[in-house]
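Okay, query.cif now, which holds mmCIF, C-alpha atoms and all ligand atoms:
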data_input
#
loop_
_atom_site.label_atom_id
_atom_site.label_comp_id
_atom_site.auth_asym_id
_atom_site.auth_seq_id
_atom_site.Cartn_x
_atom_site.Cartn_y
_atom_site.Cartn_z
CA MET A 1 0.00 0.00 0.00
CA ILE A 2 1.53 3.34 -1.09
CA ASN A 3 1.43 6.32 1.24
CA THR A 4 1.66 9.82 -0.25
CA GLN A 5 3.22 12.06 2.39
CA VAL A 6 3.96 15.78 2.60
CA LEU A 7 7.24 16.45 4.42
CA LEU A 8 8.58 19.60 6.04
CA ALA A 9 11.45 20.17 3.58
CA ARG A 10 12.77 23.36 5.23
CA ARG A 11 11.71 25.71 8.00
CA PRO A 12 9.50 28.55 6.70
CA GLN A 13 10.95 32.03 6.95
CA GLY A 14 8.04 34.29 7.90
CA LYS A 15 5.02 33.27 5.82
CA PRO A 16 5.10 29.62 4.70
CA VAL A 17 5.30 28.89 0.97
CA ALA A 18 4.52 25.70 -0.94
CA GLU A 19 8.27 25.11 -1.53
CA ASP A 20 8.76 24.61 2.23
CA PHE A 21 7.06 21.22 1.76
CA ARG A 22 7.90 18.15 -0.36
CA VAL A 23 5.69 15.28 -1.55
CA VAL A 24 7.07 11.72 -1.35
CA GLU A 25 5.69 8.20 -1.70
CA ASN A 26 6.49 5.38 0.71
CA GLU A 27 5.26 1.85 1.38
CA VAL A 28 3.01 1.66 4.48
CA ARG A 29 4.67 -0.60 7.09
CA PRO A 30 2.65 -3.26 9.00
CA ILE A 31 1.16 -2.04 12.28
CA ARG A 32 2.55 -3.24 15.62
CA GLU A 33 0.97 -3.91 19.00
CA GLY A 34 -0.85 -0.80 20.30
CA GLU A 35 -1.11 0.78 16.83
CA ALA A 36 -3.88 1.32 14.31
CA LEU A 37 -3.81 2.12 10.59
CA MET A 38 -5.93 5.06 9.47
CA GLU A 39 -7.01 5.91 5.94
CA ASN A 40 -7.16 9.70 6.05
CA GLN A 41 -10.18 11.38 4.46
CA PHE A 42 -9.79 15.09 5.26
CA ILE A 43 -6.87 17.20 6.47
CA SER A 44 -7.48 20.50 8.21
CA LEU A 45 -5.12 23.41 7.52
CA ASP A 46 -4.67 25.35 10.75
CA ALA A 47 -2.66 28.55 10.98
CA GLY A 48 -1.66 27.69 14.56
CA PHE A 49 0.46 24.73 13.40
CA ARG A 50 2.89 27.24 11.85
CA ASN A 51 4.13 27.72 15.44
CA TRP A 52 5.61 24.19 15.51
CA MET A 53 7.56 24.62 12.26
CA ASP A 54 10.33 26.78 13.76
CA GLU A 55 13.59 25.36 15.11
CA GLY A 56 13.34 24.91 18.88
CA ALA A 57 9.58 25.61 18.95
CA GLY A 58 7.13 23.66 21.10
CA ASP A 59 7.88 21.89 24.37
CA ASP A 60 8.49 18.40 25.78
CA VAL A 61 4.85 17.42 25.25
CA LEU A 62 4.66 18.68 21.67
CA PRO A 63 8.11 19.49 20.26
CA ALA A 64 8.86 21.30 16.99
CA MET A 65 8.14 19.38 13.79
CA ALA A 66 11.20 17.57 12.45
CA LEU A 67 12.65 18.30 9.03
CA GLU A 68 12.12 15.60 6.38
CA GLU A 69 9.23 14.15 8.41
CA PRO A 70 5.51 14.37 7.55
CA VAL A 71 3.90 17.63 8.64
CA MET A 72 1.67 17.44 11.72
CA GLY A 73 -1.99 18.40 11.33
CA LEU A 74 -5.55 17.67 12.32
CA VAL A 75 -6.99 14.80 10.33
CA ALA A 76 -10.26 12.91 9.97
CA GLY A 77 -9.89 9.30 8.85
CA LYS A 78 -11.27 5.79 8.93
CA VAL A 79 -9.66 2.92 10.87
CA LEU A 80 -8.51 0.23 8.40
CA GLU A 81 -6.67 -2.11 10.81
CA SER A 82 -6.38 -1.98 14.58
CA ASN A 83 -4.29 -3.41 17.40
CA ARG A 84 -5.78 -0.88 19.82
CA ASP A 85 -8.72 -1.51 22.14
CA ASP A 86 -9.94 2.08 21.75
CA MET A 87 -10.04 2.08 17.92
CA ARG A 88 -12.53 -0.06 16.02
CA VAL A 89 -12.09 -1.00 12.34
CA GLY A 90 -14.47 1.09 10.24
CA GLU A 91 -14.76 3.87 12.84
CA VAL A 92 -14.17 7.49 11.70
CA LEU A 93 -11.93 9.44 14.08
CA VAL A 94 -10.48 12.94 14.32
CA GLY A 95 -7.12 13.79 15.85
CA ARG A 96 -3.62 15.08 15.42
CA LEU A 97 -1.81 13.00 12.79
CA PHE A 98 0.04 13.97 9.62
CA TRP A 99 -0.32 15.30 6.07
CA GLU A 100 -0.44 11.87 4.39
CA THR A 101 -2.90 9.40 2.89
CA TYR A 102 -2.39 6.72 5.57
CA SER A 103 -1.32 7.29 9.17
CA ILE A 104 -0.29 4.88 11.88
CA ALA A 105 -1.79 6.00 15.20
CA GLY A 106 0.51 4.95 18.04
CA PRO A 107 -0.33 4.30 21.68
CA GLY A 108 0.04 7.96 22.71
CA ASP A 109 -2.08 9.43 19.90
CA LEU A 110 -5.41 10.70 21.13
CA LEU A 111 -8.12 10.40 18.49
CA THR A 112 -11.79 10.95 19.13
CA PRO A 113 -14.64 9.33 17.18
CA ILE A 114 -16.92 11.68 15.30
CA GLN A 115 -20.31 11.61 16.95
CA GLU A 116 -22.55 9.61 14.66
CA LYS A 117 -25.68 10.79 16.44
CA TYR A 118 -25.52 14.03 14.43
CA LYS A 119 -25.38 12.16 11.08
CA LEU A 120 -22.90 14.69 9.66
CA SER A 121 -19.95 14.13 7.33
CA ALA A 122 -16.44 13.88 8.87
CA ASN A 123 -15.29 17.17 7.30
CA LEU A 124 -17.70 19.07 9.57
CA PHE A 125 -15.79 17.78 12.60
CA LEU A 126 -12.79 19.71 11.32
CA GLY A 127 -15.05 22.70 10.59
CA VAL A 128 -17.96 24.14 12.54
CA MET A 129 -18.45 20.97 14.63
CA GLY A 130 -14.72 20.75 15.41
CA ASP A 131 -12.10 23.03 17.00
CA THR A 132 -13.05 25.75 14.54
CA GLY A 133 -16.72 26.11 15.51
CA LEU A 134 -16.05 25.27 19.15
CA SER A 135 -13.42 28.03 19.38
CA ALA A 136 -15.90 30.56 18.05
CA TYR A 137 -18.65 29.26 20.33
CA PHE A 138 -16.69 29.12 23.61
CA GLY A 139 -14.75 32.27 22.81
CA LEU A 140 -17.93 34.27 22.35
CA ILE A 141 -19.85 32.78 25.26
CA ARG A 142 -17.27 31.92 27.94
CA VAL A 143 -14.75 34.69 27.29
CA GLY A 144 -16.64 37.29 25.27
CA ASN A 145 -19.83 37.04 27.34
CA LEU A 146 -21.62 38.38 24.25
CA LYS A 147 -25.04 39.79 25.08
CA PRO A 148 -28.03 40.39 22.80
CA GLY A 149 -27.93 43.75 21.06
CA GLU A 150 -24.17 44.25 21.44
CA THR A 151 -21.73 45.10 18.66
CA LEU A 152 -19.34 42.27 17.80
CA LEU A 153 -16.20 42.89 15.72
CA VAL A 154 -14.24 39.87 14.40
CA SER A 155 -10.74 39.74 12.84
CA ALA A 156 -9.89 37.24 10.06
CA ALA A 157 -13.67 37.19 9.68
CA GLY A 158 -13.54 35.26 6.40
CA GLY A 159 -11.38 32.49 7.84
CA ALA A 160 -12.46 29.29 9.53
CA VAL A 161 -13.02 30.51 13.08
CA GLY A 162 -13.95 34.01 11.93
CA ASN A 163 -16.87 33.14 9.66
CA ALA A 164 -18.22 30.82 12.36
CA ALA A 165 -17.83 33.58 14.97
CA GLY A 166 -19.89 35.97 12.85
CA GLN A 167 -22.68 33.45 12.33
CA ILE A 168 -22.69 32.35 15.97
CA GLY A 169 -22.67 35.99 17.08
CA LYS A 170 -25.85 36.51 15.05
CA ALA A 171 -27.40 33.34 16.46
CA LEU A 172 -26.65 34.63 19.99
CA GLY A 173 -28.46 37.87 19.21
CA ALA A 174 -25.65 40.36 18.60
CA GLY A 175 -27.11 43.68 17.43
CA ARG A 176 -24.39 44.30 14.86
CA VAL A 177 -21.70 41.97 13.53
CA VAL A 178 -18.71 43.51 11.76
CA GLY A 179 -15.67 41.73 10.30
CA PHE A 180 -12.14 42.51 9.16
CA ALA A 181 -11.03 40.79 5.95
CA GLY A 182 -8.11 41.23 3.58
CA SER A 183 -9.86 41.81 0.23
CA ASP A 184 -12.96 43.48 -1.20
CA ASP A 185 -14.08 40.12 -2.63
CA LYS A 186 -13.94 38.49 0.79
CA CYS A 187 -15.76 41.46 2.34
CA ARG A 188 -18.57 41.15 -0.24
CA TRP A 189 -18.81 37.41 0.40
CA LEU A 190 -19.05 37.98 4.16
CA GLU A 191 -21.86 40.52 3.76
CA ASN A 192 -23.81 38.81 0.95
CA GLU A 193 -23.38 35.17 1.90
CA VAL A 194 -22.23 34.73 5.51
CA GLY A 195 -24.47 37.40 7.02
CA TYR A 196 -22.07 40.02 8.38
CA ASP A 197 -23.76 43.44 8.73
CA ALA A 198 -20.63 45.32 7.68
CA THR A 199 -17.00 44.60 6.85
CA ILE A 200 -13.68 46.42 6.76
CA ASN A 201 -10.91 45.63 4.28
CA TYR A 202 -8.03 46.17 6.69
CA LYS A 203 -5.57 46.45 3.79
CA ALA A 204 -7.41 49.42 2.23
CA GLY A 205 -6.95 52.80 3.83
CA ASP A 206 -7.62 54.25 7.26
CA VAL A 207 -8.69 51.36 9.53
CA ASP A 208 -9.46 53.65 12.47
CA ALA A 209 -11.93 55.72 10.44
CA ALA A 210 -13.42 52.57 8.92
CA ILE A 211 -14.13 51.13 12.40
CA ALA A 212 -15.81 54.39 13.42
CA ARG A 213 -18.10 54.13 10.37
CA ALA A 214 -18.80 50.40 10.68
CA CYS A 215 -19.34 50.41 14.47
CA PRO A 216 -21.21 53.65 15.19
CA ASP A 217 -22.13 52.47 18.71
CA GLY A 218 -18.58 51.33 19.52
CA VAL A 219 -17.30 47.78 20.00
CA ASP A 220 -18.56 45.62 22.88
CA VAL A 221 -16.79 42.39 21.93
CA TYR A 222 -13.71 42.11 19.69
CA PHE A 223 -13.12 38.45 18.77
CA ASP A 224 -9.45 38.57 17.84
CA ASN A 225 -7.92 35.91 15.60
CA VAL A 226 -4.90 37.86 14.39
CA GLY A 227 -3.26 40.00 17.12
CA GLY A 228 -0.57 42.22 15.62
CA ASP A 229 -1.23 45.79 14.62
CA LEU A 230 -5.02 45.59 14.17
CA LEU A 231 -5.65 45.65 17.91
CA GLU A 232 -4.46 49.26 18.21
CA PRO A 233 -7.19 50.92 16.10
CA VAL A 234 -9.80 48.61 17.64
CA LEU A 235 -8.86 49.73 21.17
CA ASN A 236 -9.71 53.30 20.14
CA HIS A 237 -13.35 52.21 19.67
CA ILE A 238 -14.07 49.84 22.57
CA ASN A 239 -16.99 50.53 24.87
CA TYR A 240 -17.03 50.56 28.67
CA GLN A 241 -16.32 47.01 29.93
CA ALA A 242 -15.61 45.68 26.44
CA ARG A 243 -14.37 42.10 26.17
CA ILE A 244 -11.64 40.86 23.83
CA PRO A 245 -11.56 37.05 23.51
CA PHE A 246 -8.03 36.51 22.18
CA CYS A 247 -8.33 33.36 20.07
CA GLY A 248 -5.13 33.53 18.03
CA ALA A 249 -2.39 35.73 16.62
CA VAL A 250 -2.01 34.71 12.99
CA ALA A 251 -0.28 38.01 12.17
CA ASP A 252 2.37 37.25 14.78
CA TYR A 253 3.02 33.64 13.73
CA THR A 254 4.91 34.92 10.68
CA ALA A 255 6.05 38.35 11.89
CA THR A 256 9.79 38.91 11.71
CA GLU A 257 9.68 41.78 14.19
CA GLY A 258 7.49 42.59 17.18
CA SER A 259 4.12 44.21 16.69
CA GLY A 260 1.29 45.22 18.93
CA PRO A 261 -0.70 48.15 20.30
CA SER A 262 0.81 51.23 21.90
CA ASN A 263 -2.55 52.23 23.43
CA LEU A 264 -3.20 49.38 25.89
CA PHE A 265 -4.18 52.03 28.43
CA ARG A 266 -7.56 52.10 26.67
CA LEU A 267 -8.29 48.81 28.44
CA VAL A 268 -7.69 50.56 31.78
CA ALA A 269 -9.72 53.63 30.90
CA ASP A 270 -12.66 51.60 29.58
CA CYS A 271 -12.40 48.83 32.23
CA GLY A 272 -12.00 46.39 29.34
CA ARG A 273 -10.75 42.83 29.42
CA LEU A 274 -8.42 41.03 26.97
CA GLU A 275 -8.29 37.30 27.67
CA GLY A 276 -6.60 34.48 25.81
CA PHE A 277 -8.07 31.00 25.73
CA MET A 278 -7.40 27.46 24.50
CA THR A 279 -10.59 25.77 23.38
CA HIS A 280 -9.56 22.31 24.56
CA TYR A 281 -9.83 23.53 28.19
CA TRP A 282 -13.59 23.07 27.74
CA MET A 283 -13.33 19.53 26.33
CA ASP A 284 -15.76 18.21 28.95
CA ASP A 285 -18.40 20.54 27.51
CA TYR A 286 -17.82 19.73 23.83
CA GLU A 287 -20.85 17.49 23.47
CA ALA A 288 -23.24 20.03 24.97
CA ALA A 289 -21.77 22.70 22.68
CA ARG A 290 -22.03 20.41 19.65
CA ASP A 291 -25.69 19.80 20.42
CA VAL A 292 -26.25 23.56 20.12
CA LEU A 293 -24.11 23.89 16.97
CA ALA A 294 -25.89 20.93 15.35
CA GLY A 295 -29.23 22.59 16.11
CA TRP A 296 -28.10 25.79 14.38
CA LEU A 297 -26.82 23.75 11.42
CA SER A 298 -30.17 22.05 11.03
CA ASP A 299 -32.24 25.25 11.30
CA GLY A 300 -29.92 27.03 8.83
CA SER A 301 -28.56 29.69 11.19
CA LEU A 302 -25.07 28.16 10.88
CA LYS A 303 -23.33 26.99 7.68
CA ASN A 304 -20.02 25.18 7.22
CA TYR A 305 -18.13 27.26 4.64
CA GLU A 306 -15.07 25.53 3.19
CA ALA A 307 -12.17 26.31 0.87
CA ARG A 308 -11.65 22.72 -0.25
CA TYR A 309 -8.57 21.38 -2.06
CA GLN A 310 -8.40 17.96 -3.73
CA GLY A 311 -5.46 15.63 -3.05
CA VAL A 312 -2.98 15.38 -0.18
CA GLU A 313 -0.22 16.84 -2.37
CA LYS A 314 -2.10 20.19 -2.26
CA CYS A 315 -1.49 20.62 1.50
CA GLY A 316 1.58 22.84 1.04
CA GLN A 317 -0.15 25.18 -1.41
CA ALA A 318 -3.25 25.29 0.80
CA PHE A 319 -1.10 26.23 3.80
CA GLU A 320 0.60 29.01 1.81
CA ASP A 321 -2.81 30.32 0.68
CA LEU A 322 -4.02 30.40 4.30
CA PHE A 323 -1.43 33.02 5.23
CA GLU A 324 -2.18 35.02 2.06
CA GLY A 325 -5.89 35.09 2.90
CA GLY A 326 -6.76 32.83 -0.06
CA ASN A 327 -9.31 30.84 1.95
CA PHE A 328 -12.97 31.79 2.13
CA GLY A 329 -14.00 29.71 5.15
CA LYS A 330 -12.28 26.62 6.53
CA ALA A 331 -9.22 25.51 4.53
CA ILE A 332 -9.46 21.75 4.11
CA VAL A 333 -7.88 19.11 1.89
CA GLU A 334 -9.90 16.12 0.73
CA VAL A 335 -7.30 13.39 0.71
N1 LIG A 401 -7.42 29.35 20.89
C1 LIG A 401 -7.71 28.21 20.31
O1 LIG A 401 -7.95 27.20 20.93
C2 LIG A 401 -7.73 28.18 18.81
C3 LIG A 401 -8.31 27.12 18.10
C4 LIG A 401 -8.36 27.19 16.69
C5 LIG A 401 -7.79 28.28 16.03
N2 LIG A 401 -7.19 29.27 16.78
C6 LIG A 401 -6.61 30.47 16.14
O2 LIG A 401 -7.64 31.16 15.47
C7 LIG A 401 -7.07 31.95 14.44
C8 LIG A 401 -7.83 31.69 13.14
O3 LIG A 401 -7.53 30.35 12.75
P1 LIG A 401 -8.21 29.73 11.47
O4 LIG A 401 -7.83 28.29 11.42
O5 LIG A 401 -9.65 30.11 11.49
O6 LIG A 401 -7.44 30.45 10.30
P2 LIG A 401 -8.11 31.24 9.11
O7 LIG A 401 -8.79 32.41 9.72
O8 LIG A 401 -8.92 30.29 8.32
O9 LIG A 401 -6.89 31.73 8.23
C9 LIG A 401 -6.09 32.76 8.58
C10 LIG A 401 -6.66 34.09 8.02
O10 LIG A 401 -6.01 35.12 8.71
C11 LIG A 401 -5.97 36.25 7.87
N3 LIG A 401 -4.64 36.85 8.04
C12 LIG A 401 -3.45 36.29 7.70
N4 LIG A 401 -2.46 37.14 8.02
C13 LIG A 401 -3.05 38.24 8.57
C14 LIG A 401 -2.56 39.47 9.09
N5 LIG A 401 -1.24 39.75 9.10
N6 LIG A 401 -3.44 40.36 9.60
C15 LIG A 401 -4.76 40.09 9.58
N7 LIG A 401 -5.30 38.95 9.08
C16 LIG A 401 -4.43 38.05 8.59
C17 LIG A 401 -6.20 35.80 6.43
O11 LIG A 401 -7.42 36.35 5.96
P3 LIG A 401 -7.54 37.82 5.31
O12 LIG A 401 -7.97 37.61 3.89
O13 LIG A 401 -8.60 38.45 6.12
O14 LIG A 401 -6.22 38.49 5.43
C18 LIG A 401 -6.34 34.29 6.56
O15 LIG A 401 -7.33 33.77 5.72
C19 LIG A 401 -5.60 31.56 14.36
O16 LIG A 401 -4.84 32.54 15.02
C20 LIG A 401 -5.54 30.24 15.09
O17 LIG A 401 -4.28 29.97 15.63
C21 LIG A 401 -7.16 29.23 18.13
#

Could you show the structure in this file as structure tokens?
Ligand SMILES: NC(=O)c1ccc[n+]([C@@H]2O[C@H](COP(=O)([O-])OP(=O)(O)OC[C@H]3O[C@@H](n4cnc5c(N)ncnc54)[C@H](OP(=O)(O)O)[C@@H]3O)[C@@H](O)[C@H]2O)c1
Amino acid sequence: MINTQVLLARRPQGKPVAEDFRVVENEVRPIREGEALMENQFISLDAGFRNWMDEGAGDDVLPAMALEEPVMGLVAGKVLESNRDDMRVGEVLVGRLFWETYSIAGPGDLLTPIQEKYKLSANLFLGVMGDTGLSAYFGLIRVGNLKPGETLLVSAAGGAVGNAAGQIGKALGAGRVVGFAGSDDKCRWLENEVGYDATINYKAGDVDAAIARACPDGVDVYFDNVGGDLLEPVLNHINYQARIPFCGAVADYTATEGSGPSNLFRLVADCGRLEGFMTHYWMDDYEAARDVLAGWLSDGSLKNYEARYQGVEKCGQAFEDLFEGGNFGKAIVEV
């Protein structure tokens, strides 16, 4: 059985490019005791994994990715053979594996079965029913404490977490939902298709003035996916006791020099709160959250938007596109 794998050929300098990765073919070896063979179906492209591509990154639990080894990523796949009690042949599972057509899940690899009760395809468990949707959901509710009628502003609004955050914000009753995106096309898509009330192309002109126009009542919750320099103009428009759920810092993952706001005092003056979070801290509550998300999917208030690529060999290009803003929705590769 031939395995097509995408290796980390060199460490990206700043933004990753397709040439940082290399496609190879290898024979799949037989599984050993405590292992299972997975046939991968979908691979999720996640900006956060860029953090493990640098020399010396990570920690003892999850060290930096090794050169000339398959790239680590979130994967949904079917169990083909199993020597593990917790993995049944035929079961579809989601977990951290590699950019490849077949993966061997070892004893330490934690994979979770997709919940068949929802009768949804596996790709959704990498999208709105997976980390993506759950990050938007918990970030808005547990950290953002979003209340009906409030103004919600979202960065990387056209990305995976961002488009879900806008839709979930609406479902939770936000009065106005505004998003940052990096092109006019993406802004139009967010307003016409996803349901954002207004958008700001952060690459075009005076961002501060654009926020003032798009958020005439100020910003109550800023769901931040990017960090970097965008936070500064946003802080100029936050309301009293505004909340900033800090989900990720995609601008900083590739920055070659430090960036960030010079006006953090606005948080003091407006009694605001900026709080980072890791979604997996709420793992015990995933099923309850998925019940809600599945309800919104079935009544149409939530959609799973995807930028889908065909073939595992497209992973490198898809990852490059992610940092160039090429994805409208969740970037995913159908293996
Ligand atoms: N805390 C958690 O547990 C958790 C879980 C999942 C994801 N995350 C984080 O959530 C964030 C979004 O992840 P995602 O998977 O949904 O990625 P994504 O939004 O689908 O893709 C990244 C998007 O960021 C935008 N972007 C890239 N560079 C930028 C810059 N310098 N300034 C502003 N925008 C920039 C691009 O869109 P434009 O066209 O708008 O430029 C791009 O499409 C990431 O920071 C990720 O690490 C956190």

Between A:Phe21, A:Asn239, A:Asp109, A:Ala165, which has the minimum distance to Val268 of chain A (counting all atoms listed in the file)?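 Closest residue, counting all atoms listed in the file: A:Asn239.
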
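With only C-alpha atoms and all ligand atoms as the atoms that count, the residue of A:Leu120, A:Ala47, A:Ala214, A:Ala174 with the shortest distance to ligand LIG 401 (chain A) is A:Ala47.
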
Considering all atoms listed in the file, return as a ChimeraX atom specification whatever protein or nucleic-acid residues lie within 10 Å of segment 123-130 of chain A, sequence-local ones (same chain, fewer than 5 positions apart) excluded. /A:41-46,74-77,93-95,113-115,118,135-137,160-161,163-165,286-287,289-294,297,302-306,329-334

Please identify every polymer residue within 8 Å of ligand LIG 401 (chain A), using all atoms listed in the file, and present the set as a PyMOL selection string. chain A and resi 45-49+131-132+135+155-162+180-183+186+201-202+224-230+246-252+254-255+276-280+321-331

Shell around Asn51 of chain A at 8 Å using all atoms listed in the file, local window under 4 positions removed, as a list of chain:residue names: A:Ala57, A:Gly58, A:Tyr253

Between atom CA of Asp285 of chain A and atom CA of Gly149 of chain A - distance in Å to one decimal: 25.9 Å

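Interatomic distance, atom CA of Met283 of chain A to atom CA of Leu111 of chain A: 13.1 Å.
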
Under the rule that all atoms listed in the file are counted, which of A:Arg88, A:Arg10, A:Lys15, A:Lys203 is the nearest residue to Leu37 of chain A?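 That would be A:Arg88, the residue with the smallest distance to Leu37 of chain A.
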
For Leu172 of chain A, which residue out of A:Glu55, A:Val92, A:Trp296, A:Val61 is the nearest one, using all atoms listed in the file? A:Trp296

Rounded to one decimal, what separation in Å do you get between atom CA of Val79 of chain A and atom CA of Phe98 of chain A?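 Distance between the two atoms: 14.8 Å.
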